[in-house]
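The data block below is data_34.txt; it holds compact mmCIF, C-alpha atoms and all ligand atoms.
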```
# COMPACT_ATOMS: atom_id res chain seq x y z
CA MET A 1257 35.38 5.93 -31.38
CA PRO A 1258 33.04 8.54 -29.92
CA TRP A 1259 35.41 9.50 -27.09
CA SER A 1260 38.16 10.75 -29.37
CA LEU A 1261 38.64 13.80 -31.59
CA THR A 1262 40.37 13.80 -34.96
CA ILE A 1263 43.03 16.53 -35.01
CA GLY A 1264 44.71 15.82 -38.34
CA ARG A 1265 45.69 13.32 -41.00
CA LEU A 1266 48.96 11.90 -42.22
CA GLY A 1267 48.44 10.03 -45.49
CA GLU A 1268 45.82 7.37 -44.80
CA THR A 1269 46.18 7.71 -41.03
CA ALA A 1270 43.85 9.90 -38.97
CA ILE A 1271 45.45 11.33 -35.83
CA ARG A 1272 43.08 11.37 -32.86
CA ILE A 1273 43.17 12.44 -29.25
CA HIS A 1274 41.19 10.52 -26.66
CA VAL A 1275 39.19 12.65 -24.25
CA THR A 1276 41.19 11.30 -21.30
CA PHE A 1277 44.35 12.66 -22.91
CA LEU A 1278 42.76 16.13 -22.96
CA LEU A 1279 41.75 15.73 -19.31
CA PHE A 1280 45.33 14.72 -18.60
CA LEU A 1281 46.56 17.95 -20.27
CA VAL A 1282 44.13 20.00 -18.19
CA TRP A 1283 45.24 18.20 -15.04
CA ILE A 1284 48.92 18.86 -15.86
CA TRP A 1285 48.17 22.53 -16.53
CA ALA A 1286 46.30 22.91 -13.25
CA ALA A 1287 49.01 21.09 -11.29
CA TYR A 1288 51.73 23.40 -12.69
CA TYR A 1289 49.57 26.44 -12.07
CA ARG A 1290 48.94 25.54 -8.46
CA SER A 1291 52.60 24.91 -7.70
CA GLY A 1292 54.22 27.79 -9.61
CA GLY A 1293 51.68 30.29 -10.94
CA SER A 1294 50.97 31.18 -14.54
CA SER A 1295 54.55 31.19 -15.88
CA ALA A 1296 55.08 27.65 -14.60
CA ALA A 1297 51.71 26.68 -16.08
CA TRP A 1298 52.77 27.94 -19.52
CA GLU A 1299 56.09 26.14 -19.22
CA GLY A 1300 54.08 23.09 -18.31
CA VAL A 1301 51.92 23.53 -21.39
CA LEU A 1302 55.03 23.81 -23.59
CA PHE A 1303 56.48 20.69 -22.00
CA VAL A 1304 53.23 18.78 -22.52
CA ALA A 1305 53.08 19.94 -26.16
CA LEU A 1306 56.61 18.60 -26.73
CA LEU A 1307 55.80 15.39 -24.87
CA PHE A 1308 52.69 15.06 -27.05
CA ALA A 1309 54.94 15.37 -30.12
CA CYS A 1310 57.18 12.58 -28.79
CA VAL A 1311 54.19 10.30 -28.20
CA LEU A 1312 52.99 11.01 -31.73
CA LEU A 1313 56.44 10.22 -33.17
CA HIS A 1314 56.38 6.98 -31.16
CA GLU A 1315 53.09 6.01 -32.82
CA LEU A 1316 54.39 7.00 -36.24
CA GLY A 1317 57.28 4.62 -35.57
CA HIS A 1318 54.70 1.80 -35.39
CA VAL A 1319 52.84 3.14 -38.43
CA PHE A 1320 55.90 3.32 -40.70
CA ALA A 1321 57.21 -0.06 -39.56
CA ALA A 1322 53.78 -1.58 -40.32
CA ARG A 1323 53.66 0.15 -43.70
CA ARG A 1324 56.88 -1.66 -44.62
CA TYR A 1325 54.95 -4.93 -44.34
CA GLY A 1326 51.97 -3.60 -46.30
CA VAL A 1327 49.81 -2.99 -43.21
CA LYS A 1328 47.80 0.24 -43.23
CA THR A 1329 46.87 2.22 -40.11
CA PRO A 1330 43.49 3.95 -40.33
CA ASP A 1331 44.05 5.90 -37.10
CA ILE A 1332 46.29 6.74 -34.19
CA THR A 1333 44.64 7.54 -30.85
CA LEU A 1334 46.62 9.33 -28.17
CA TRP A 1335 45.92 8.27 -24.59
CA PRO A 1336 47.57 9.62 -21.45
CA PHE A 1337 49.80 6.53 -21.23
CA GLY A 1338 51.24 6.69 -24.72
CA GLY A 1339 48.82 6.20 -27.55
CA ILE A 1340 47.63 3.34 -29.72
CA ALA A 1341 48.18 2.96 -33.45
CA ASN A 1342 45.14 1.07 -34.72
CA LEU A 1343 46.74 -1.22 -37.29
CA GLU A 1344 44.43 -2.68 -39.91
CA ARG A 1345 45.78 -6.10 -39.06
CA ILE A 1346 48.71 -7.63 -37.26
CA PRO A 1347 51.50 -8.61 -39.67
CA GLU A 1348 51.35 -12.34 -40.44
CA LYS A 1349 54.85 -13.22 -39.29
CA PRO A 1350 55.68 -12.91 -35.58
CA SER A 1351 59.07 -11.43 -36.50
CA GLN A 1352 57.26 -8.60 -38.31
CA GLU A 1353 54.94 -8.02 -35.35
CA LEU A 1354 58.02 -7.81 -33.15
CA VAL A 1355 59.58 -5.14 -35.39
CA VAL A 1356 56.31 -3.15 -35.46
CA ALA A 1357 55.95 -3.40 -31.66
CA ILE A 1358 59.44 -2.19 -30.82
CA ALA A 1359 59.59 0.50 -33.55
CA GLY A 1360 57.58 2.83 -31.25
CA PRO A 1361 59.75 2.63 -28.13
CA LEU A 1362 62.82 2.75 -30.40
CA VAL A 1363 61.74 6.23 -31.56
CA ASN A 1364 61.75 7.38 -27.91
CA VAL A 1365 65.17 5.83 -27.39
CA VAL A 1366 66.48 7.88 -30.33
CA ILE A 1367 64.79 11.07 -29.06
CA ALA A 1368 66.22 10.52 -25.55
CA LEU A 1369 69.72 9.93 -26.96
CA VAL A 1370 69.56 13.06 -29.13
CA LEU A 1371 68.39 15.12 -26.13
CA LEU A 1372 71.14 13.71 -23.92
CA VAL A 1373 73.77 14.56 -26.56
CA ILE A 1374 72.41 18.13 -26.80
CA LEU A 1375 72.35 18.41 -23.00
CA SER A 1376 75.86 17.13 -22.49
CA ALA A 1377 77.05 19.62 -25.13
CA THR A 1378 75.29 22.56 -23.40
CA LEU A 1379 76.32 21.52 -19.92
CA GLY A 1380 79.91 20.84 -20.99
CA GLY A 1381 80.60 17.25 -19.98
CA THR A 1382 79.53 15.51 -16.83
CA ASP A 1383 81.28 17.44 -14.05
CA LEU A 1384 78.62 19.52 -12.36
CA THR A 1385 80.22 22.88 -11.72
CA ALA A 1386 78.25 25.75 -10.25
CA ASP A 1387 78.08 27.12 -13.79
CA SER A 1388 76.47 24.00 -15.28
CA LEU A 1389 74.08 23.76 -12.33
CA ALA A 1390 72.98 27.29 -13.12
CA LYS A 1391 72.35 26.18 -16.68
CA ILE A 1392 70.15 23.32 -15.45
CA GLU A 1393 68.12 25.91 -13.57
CA ASP A 1394 67.60 27.69 -16.89
CA PRO A 1395 64.03 26.84 -17.97
CA ARG A 1396 65.10 26.02 -21.55
CA THR A 1397 67.63 23.47 -20.32
CA SER A 1398 65.40 22.04 -17.62
CA ILE A 1399 62.64 21.39 -20.13
CA LEU A 1400 65.12 19.34 -22.19
CA VAL A 1401 66.14 17.40 -19.08
CA LYS A 1402 62.49 16.67 -18.30
CA LEU A 1403 61.79 15.73 -21.90
CA ALA A 1404 64.71 13.29 -21.97
CA GLY A 1405 63.40 11.80 -18.71
CA ALA A 1406 59.89 11.55 -20.13
CA ASN A 1407 61.14 9.72 -23.21
CA ILE A 1408 63.03 7.25 -21.04
CA PHE A 1409 59.82 6.79 -19.04
CA LEU A 1410 57.87 6.19 -22.27
CA VAL A 1411 60.35 3.51 -23.28
CA VAL A 1412 60.19 1.75 -19.91
CA PHE A 1413 56.41 2.06 -19.57
CA ASN A 1414 55.66 0.86 -23.08
CA LEU A 1415 57.96 -2.11 -22.68
CA ILE A 1416 55.98 -3.47 -19.69
CA PRO A 1417 55.11 -6.93 -21.04
CA ALA A 1418 51.31 -6.52 -20.88
CA PHE A 1419 48.68 -5.64 -23.48
CA PRO A 1420 48.05 -3.03 -24.80
CA MET A 1421 51.62 -1.92 -24.20
CA ASP A 1422 54.19 -2.59 -26.89
CA GLY A 1423 55.99 -4.91 -24.48
CA GLY A 1424 52.89 -7.15 -24.46
CA ARG A 1425 52.91 -7.38 -28.25
CA ALA A 1426 56.65 -7.97 -28.37
CA LEU A 1427 56.23 -10.75 -25.80
CA ARG A 1428 53.38 -12.30 -27.80
CA ALA A 1429 55.47 -12.16 -31.00
CA LEU A 1430 58.44 -13.80 -29.28
CA LEU A 1431 56.19 -16.54 -27.84
CA ALA A 1432 54.39 -16.99 -31.18
CA MET A 1433 57.67 -17.93 -32.84
CA ARG A 1434 57.75 -20.99 -30.59
CA ILE A 1435 54.20 -21.98 -29.60
CA GLY A 1436 51.89 -20.52 -32.27
CA TYR A 1437 49.81 -17.37 -32.31
CA SER A 1438 46.75 -18.30 -30.26
CA LYS A 1439 48.64 -20.00 -27.41
CA ALA A 1440 51.14 -17.14 -27.42
CA THR A 1441 48.30 -14.62 -27.07
CA ALA A 1442 46.73 -16.56 -24.21
CA THR A 1443 50.09 -16.83 -22.42
CA ALA A 1444 50.98 -13.17 -23.00
CA ALA A 1445 47.50 -12.13 -21.81
CA SER A 1446 47.87 -14.18 -18.60
CA ILE A 1447 51.28 -12.65 -17.92
CA GLY A 1448 49.77 -9.21 -18.56
CA GLN A 1449 46.86 -9.89 -16.21
CA GLY A 1450 49.23 -11.13 -13.53
CA LEU A 1451 51.26 -7.94 -13.87
CA ALA A 1452 48.07 -5.87 -13.80
CA ILE A 1453 46.99 -7.49 -10.52
CA GLY A 1454 50.47 -6.80 -9.15
CA MET A 1455 50.23 -3.17 -10.25
CA GLY A 1456 46.78 -2.84 -8.68
CA LEU A 1457 47.98 -4.24 -5.34
CA LEU A 1458 51.08 -2.07 -5.39
CA GLY A 1459 48.81 0.89 -6.22
CA ILE A 1460 46.72 0.32 -3.09
CA PHE A 1461 49.79 0.90 -0.94
CA THR A 1462 51.56 3.53 -3.03
CA ASN A 1463 49.88 5.48 -5.83
CA PRO A 1464 46.16 5.19 -6.69
CA MET A 1465 47.04 6.09 -10.31
CA LEU A 1466 48.87 2.76 -10.53
CA MET A 1467 45.67 1.02 -9.43
CA ILE A 1468 43.71 2.65 -12.25
CA ILE A 1469 46.38 1.65 -14.75
CA GLY A 1470 46.27 -1.88 -13.34
CA VAL A 1471 42.52 -2.16 -13.92
CA PHE A 1472 42.91 -0.77 -17.42
CA VAL A 1473 45.73 -3.17 -18.30
CA PHE A 1474 43.74 -6.11 -16.88
CA LEU A 1475 40.71 -5.29 -19.06
CA ALA A 1476 42.86 -4.68 -22.13
CA ALA A 1477 44.59 -8.04 -21.67
CA SER A 1478 41.25 -9.90 -21.47
CA GLY A 1479 39.96 -7.99 -24.49
CA GLU A 1480 43.05 -8.82 -26.52
CA ALA A 1481 42.83 -12.50 -25.62
CA GLY A 1482 39.13 -12.62 -26.59
CA GLN A 1483 39.71 -10.85 -29.88
CA ALA A 1484 42.64 -13.07 -30.78
CA GLN A 1485 40.50 -16.13 -30.04
CA LEU A 1486 37.69 -14.80 -32.20
CA LYS A 1487 40.11 -14.02 -35.00
CA GLU A 1488 41.69 -17.43 -34.74
CA ALA A 1489 38.28 -19.16 -34.70
CA SER A 1490 37.07 -17.28 -37.78
CA ARG A 1491 40.26 -17.59 -39.82
CA GLY A 1492 39.58 -19.03 -43.28
CA LEU A 1493 35.84 -19.41 -42.62
CA LEU A 1494 33.00 -18.00 -44.68
CA VAL A 1495 29.81 -16.50 -43.30
CA SER A 1496 27.94 -19.55 -44.65
CA ASP A 1497 30.04 -21.81 -42.39
CA ALA A 1498 28.85 -20.09 -39.22
CA MET A 1499 25.34 -18.79 -39.91
CA ILE A 1500 22.09 -20.11 -38.48
CA THR A 1501 19.99 -21.61 -41.29
CA HIS A 1502 16.99 -22.93 -39.37
CA PHE A 1503 14.94 -20.10 -37.94
CA GLU A 1504 11.42 -18.77 -37.79
CA THR A 1505 10.63 -15.64 -39.75
CA LEU A 1506 7.81 -13.11 -39.48
CA GLY A 1507 6.01 -11.39 -42.35
CA PRO A 1508 5.43 -7.62 -42.67
CA GLN A 1509 1.77 -8.29 -41.76
CA SER A 1510 2.61 -10.30 -38.63
CA THR A 1511 1.50 -8.98 -35.26
CA VAL A 1512 3.27 -9.05 -31.93
CA ASP A 1513 0.88 -11.87 -31.01
CA ASP A 1514 2.17 -13.96 -33.97
CA ALA A 1515 5.69 -13.18 -32.84
CA ALA A 1516 4.87 -14.37 -29.32
CA ASP A 1517 3.66 -17.71 -30.76
CA ALA A 1518 6.92 -18.03 -32.67
CA LEU A 1519 8.84 -17.25 -29.50
CA ILE A 1520 7.10 -20.06 -27.62
CA ARG A 1521 7.60 -22.75 -30.28
CA SER A 1522 11.29 -21.96 -30.94
CA THR A 1523 14.43 -21.18 -28.95
CA GLN A 1524 15.08 -18.02 -30.97
CA LYS A 1525 15.52 -14.61 -29.42
CA GLU A 1526 15.79 -12.62 -32.65
CA PHE A 1527 13.11 -12.88 -35.33
CA PRO A 1528 13.82 -11.61 -38.85
CA VAL A 1529 10.94 -9.84 -40.57
CA VAL A 1530 11.00 -10.87 -44.22
CA ASP A 1531 8.84 -9.52 -47.06
CA GLY A 1532 7.24 -11.47 -49.93
CA ALA A 1533 10.41 -11.22 -52.06
CA GLY A 1534 12.49 -12.78 -49.29
CA HIS A 1535 14.26 -9.52 -48.39
CA LEU A 1536 15.11 -8.71 -44.78
CA ARG A 1537 13.09 -5.74 -43.51
CA GLY A 1538 14.24 -5.80 -39.90
CA VAL A 1539 14.68 -7.88 -36.78
CA LEU A 1540 12.31 -8.14 -33.82
CA THR A 1541 14.10 -9.03 -30.58
CA ARG A 1542 12.48 -10.84 -27.69
CA ASP A 1543 12.87 -7.77 -25.48
CA ALA A 1544 11.25 -5.45 -28.03
CA MET A 1545 8.44 -7.97 -28.45
CA ILE A 1546 7.71 -8.14 -24.71
CA ARG A 1547 7.88 -4.36 -24.40
CA ALA A 1548 5.44 -3.93 -27.32
CA MET A 1549 3.12 -6.58 -25.87
CA LYS A 1550 2.96 -4.65 -22.61
CA ASP A 1551 2.83 -1.07 -23.93
CA GLN A 1552 1.02 -1.35 -27.29
CA GLY A 1553 -0.87 -4.64 -27.12
CA PRO A 1554 -0.72 -7.95 -29.01
CA GLN A 1555 -2.30 -6.59 -32.21
CA THR A 1556 0.59 -4.18 -32.91
CA ALA A 1557 2.28 -4.82 -36.29
CA VAL A 1558 5.82 -6.17 -35.84
CA ILE A 1559 6.99 -3.76 -38.54
CA GLU A 1560 6.29 -0.88 -36.14
CA VAL A 1561 8.38 -2.25 -33.27
CA MET A 1562 11.20 -4.11 -35.04
CA GLN A 1563 14.72 -2.76 -35.46
CA ALA A 1564 14.95 -1.75 -39.13
CA ASP A 1565 18.60 -0.89 -39.78
CA ILE A 1566 19.99 -4.43 -39.76
CA PRO A 1567 23.21 -4.86 -41.76
CA VAL A 1568 23.40 -7.73 -44.26
CA VAL A 1569 26.40 -9.66 -45.57
CA GLU A 1570 26.71 -12.13 -48.41
CA ALA A 1571 26.89 -15.79 -47.53
CA ARG A 1572 30.14 -16.18 -49.50
CA SER A 1573 31.92 -13.28 -47.76
CA LYS A 1574 34.58 -13.79 -45.12
CA LEU A 1575 33.42 -14.47 -41.59
CA ASP A 1576 35.90 -12.20 -39.81
CA ALA A 1577 34.52 -9.07 -41.52
CA ALA A 1578 30.98 -10.07 -40.50
CA LEU A 1579 32.11 -10.67 -36.91
CA LYS A 1580 33.64 -7.22 -36.83
CA LEU A 1581 30.26 -5.88 -37.91
CA ILE A 1582 28.42 -7.75 -35.17
CA THR A 1583 30.83 -6.64 -32.44
CA SER A 1584 31.15 -3.00 -33.54
CA ALA A 1585 27.58 -2.16 -34.64
CA GLN A 1586 25.00 -2.31 -31.86
CA VAL A 1587 22.70 -4.77 -33.62
CA PRO A 1588 20.94 -7.90 -32.36
CA ALA A 1589 21.82 -9.85 -35.52
CA VAL A 1590 23.37 -9.62 -38.97
CA GLY A 1591 21.34 -10.88 -41.94
CA VAL A 1592 22.98 -13.22 -44.43
CA VAL A 1593 21.79 -12.96 -48.04
CA ASP A 1594 22.45 -14.83 -51.28
CA VAL A 1595 23.48 -13.10 -54.53
CA SER A 1596 19.87 -12.10 -55.26
CA GLY A 1597 19.53 -10.43 -51.87
CA LYS A 1598 17.25 -13.10 -50.37
CA LEU A 1599 17.69 -13.83 -46.68
CA VAL A 1600 19.32 -17.25 -46.25
CA GLY A 1601 20.78 -17.08 -42.76
CA LEU A 1602 21.42 -15.15 -39.57
CA LEU A 1603 24.44 -14.38 -37.47
CA THR A 1604 23.79 -13.54 -33.82
CA PRO A 1605 26.18 -12.82 -30.94
CA GLU A 1606 24.95 -16.06 -29.39
CA ASN A 1607 25.88 -18.28 -32.32
CA VAL A 1608 29.22 -16.49 -32.64
CA GLY A 1609 29.71 -17.43 -28.97
CA GLU A 1610 28.91 -21.06 -29.80
CA LEU A 1611 31.43 -20.98 -32.62
CA MET A 1612 34.05 -19.79 -30.14
CA MET A 1613 33.18 -22.51 -27.62
CA LEU A 1614 33.46 -25.17 -30.32
CA HIS A 1615 36.77 -23.73 -31.38
CA ALA A 1616 38.05 -23.81 -27.81
CA ALA A 1617 36.85 -27.41 -27.30
CA ARG A 1618 38.38 -28.69 -30.54
CA PRO A 1619 41.73 -30.36 -30.00
CA GLU A 1620 44.53 -28.19 -31.36
CA ARG A 1621 45.75 -29.61 -34.66
CA GLY A 1622 48.52 -27.37 -35.90
CA ALA A 1623 48.12 -23.63 -35.94
CA HIS A 1624 44.80 -23.44 -37.80
CA PRO A 1625 42.26 -26.04 -36.68
CA PHE A 1626 39.72 -24.82 -39.26
CA GLY A 1627 40.86 -25.57 -42.80
CA ARG A 1628 43.61 -23.49 -44.37
CA ALA A 1629 47.02 -24.89 -43.62
CA GLY A 1630 49.64 -22.38 -42.66
ZN ZN B 1 53.76 1.93 -28.84
```
Would you give me this structure, written as structure tokens?
Amino acid sequence: MPWSLTIGRLGETAIRIHVTFLLFLVWIWAAYYRSGGSSAAWEGVLFVALLFACVLLHELGHVFAARRYGVKTPDITLWPFGGIANLERIPEKPSQELVVAIAGPLVNVVIALVLLVILSATLGGTDLTADSLAKIEDPRTSILVKLAGANIFLVVFNLIPAFPMDGGRALRALLAMRIGYSKATATAASIGQGLAIGMGLLGIFTNPMLMIIGVFVFLAASGEAGQAQLKEASRGLLVSDAMITHFETLGPQSTVDDAADALIRSTQKEFPVVDGAGHLRGVLTRDAMIRAMKDQGPQTAVIEVMQADIPVVEARSKLDAALKLITSAQVPAVGVVDVSGKLVGLLTPENVGELMMLHAARPERGAHPFGRAG
């Protein structure tokens, strides 16, 4: 993730801060400075540092709960709204996902309770005498009060039943126990989107920040639903089950003019350039071809204008890993090779899309329509 900075490591987990979190810190600092001068700004910085620690502990709650089920977490990213622990996978059983989802907010519940116990001890019970009010005015006490409040806010906010909040995952897990993973995700995503629209509308009339959060939650919910669908569609499949096997190829000596002929006689948009040994040298896209035709002329060698750094996967490898490659790397296609390294197929975003459409159209037969019973 280019918009986040790694600030440390804990075992196999990298701890990162998203740029927006840093902007949030700056904004907090400036807001405190404007209202109360430099001493208030420093108090604000201390408060934010402590709050930051609570958010981190929240994420570590998820990480350690996931570790119990053998799920690693390559990184934690801290966002202004609470942070995301990027689990390697979601635990298989919905009950485990539920535990992982609520482990985070549970940490904040514990922190809030500890702070409240400390506060009630310092303030001497609940009756607010002039003496205890004076103690609340004390900056050290007031920071604890604010911190307890912030932790309660973190619990409430993260339990909103919408992705990517923990409440959304908990809701999905609860639904998955009854109606299966993919339907549960779709339902939870719709509920989340409904809530997001509500938040956005409420934000128009009250706080514009709420509108921004609404938009973010809406996008996250759609993203989660799409990813879950993709994961579900690719479950138990091999690359060879999904790859394109009939396609035109170009040779290293081919020209843009040859490529144009191939474009006309086929429906392809990505043309692999393959050498005499059958190895993939690169991929020429339709757009690159048209650009080269216009700027450099039809006699240009395709090898000069193709994209060379095309990742390859083995035909017998798992499809979900290849799909991750195609969605994360900015490439027009992924080459599929046999054990000797010869190109035998192609995966493109378009044929992955077709796979998804087929999956969606297939009548639901149990939890896993493609093979593998479970
Ligand atoms: Zn969380």
Work out how far atom CA of Thr1604 of chain A is from atom CA of Ile1346 of chain A, in Å to one decimal. 25.8 Å
Nearest to Val1495 of chain A, chosen from A:Tyr1289, A:Gln1509, A:Ala1571, A:Pro1605, with only C-alpha atoms counted in the distances: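 Closest residue, counting only C-alpha atoms: A:Ala1571.
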Segment 1455-1466 of chain A surroundings by only C-alpha atoms, 12 Å radius, close-in-sequence under 5 positions cut, as a ChimeraX atom specification: /A:1336-1337,1413,1416,1418,1448-1450,1471-1474
Name the residues in contact with Asp1565 of chain A at a cut-off of 12 Å, using all atoms listed in the file, excluding same-chain residues fewer than 3 positions from it; report them as a list in words.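 Selected residues are Pro1528, Val1529, Leu1536, Arg1537, Gly1538, Val1539, Leu1540, Met1562, Val1568, Ala1585, Gln1586, Val1587, Pro1588, Ala1589, Val1590 and Gly1591 of chain A.
Taking all atoms listed in the file into account, the protein, DNA and RNA residues within 7 Å of (0.4, -10.1, -27.7) read Val1512, Asp1513, Ala1516, Met1549, Gly1553, Pro1554 and Gln1555 of chain A.
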Would you put the residues from that selection into a file with C-alpha atoms, as a short mmCIF file (atom, residue, chain, number, x, y, z; two decimals), in the frame of the given file?
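Listing of selection_32.cif after writing:
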```cif
data_model
loop_
_atom_site.label_atom_id
_atom_site.label_comp_id
_atom_site.auth_asym_id
_atom_site.auth_seq_id
_atom_site.Cartn_x
_atom_site.Cartn_y
_atom_site.Cartn_z
CA VAL A 1512 3.27 -9.05 -31.93
CA ASP A 1513 0.88 -11.87 -31.01
CA ALA A 1516 4.87 -14.37 -29.32
CA MET A 1549 3.12 -6.58 -25.87
CA GLY A 1553 -0.87 -4.64 -27.12
CA PRO A 1554 -0.72 -7.95 -29.01
CA GLN A 1555 -2.30 -6.59 -32.21
#
```
Near-Val1411 of chain A list (12 Å; all atoms listed in the file; drop same-chain fewer than 4 positions) as a list in words: Cys1310, Val1311, His1314, Phe1337, Gly1338, Ala1357, Ile1358, Ala1359, Gly1360, Pro1361, Leu1362, Val1363, Asn1364, Val1365, Val1366, Ile1367, Ala1368, Leu1369, Ala1404, Gly1405, Ala1406, Asn1407, Leu1415, Ile1416, Pro1417, Met1421, Asp1422 and Gly1423 of chain A
Let me make sure I understand: among A:Ala1515, A:Ala1287, A:Leu1302, A:Ile1340, which one has the smallest atom-to-atom distance to ligand ZN 1 (chain B) if we use only C-alpha atoms and all ligand atoms?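 Of all the options, A:Ile1340 lies closest to ligand ZN 1 (chain B).
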What is the atom CA of Ala1489 of chain A-atom CA of Leu1611 of chain A distance in Å, reported with one decimal?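 For atom CA of Ala1489 of chain A relative to atom CA of Leu1611 of chain A, the distance reads 7.4 Å.
The spacing separating atom CA of Ile1468 of chain A from atom CA of Ala1481 of chain A amounts to 20.2 Å.
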With 8 Å on each side, where is the centre of the axis-aligned box around all listed atoms of segment 1274-1289 of chain A, and how long are its edges in Å to one decimal, as AutoDock Vina command-line options?
```
--center_x 45.5 --center_y 18.5 --center_z -19.0 --size_x 28.5 --size_y 31.9 --size_z 31.4
```
Ranking A:Ala1286, A:Gly1264, A:Leu1316, A:Val1275 by minimum distance to ligand ZN 1 (chain B) and counting only C-alpha atoms and all ligand atoms, which one comes first?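 Checking each of A:Ala1286, A:Gly1264, A:Leu1316, A:Val1275 against ligand ZN 1 (chain B), counting only C-alpha atoms and all ligand atoms, the winner is A:Leu1316.
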Selected residue of minimal separation from ligand ZN 1 (chain B) among A:Ala1544, A:Leu1306, A:Leu1261, A:Ala1341, counting all atoms listed in the file: A:Ala1341
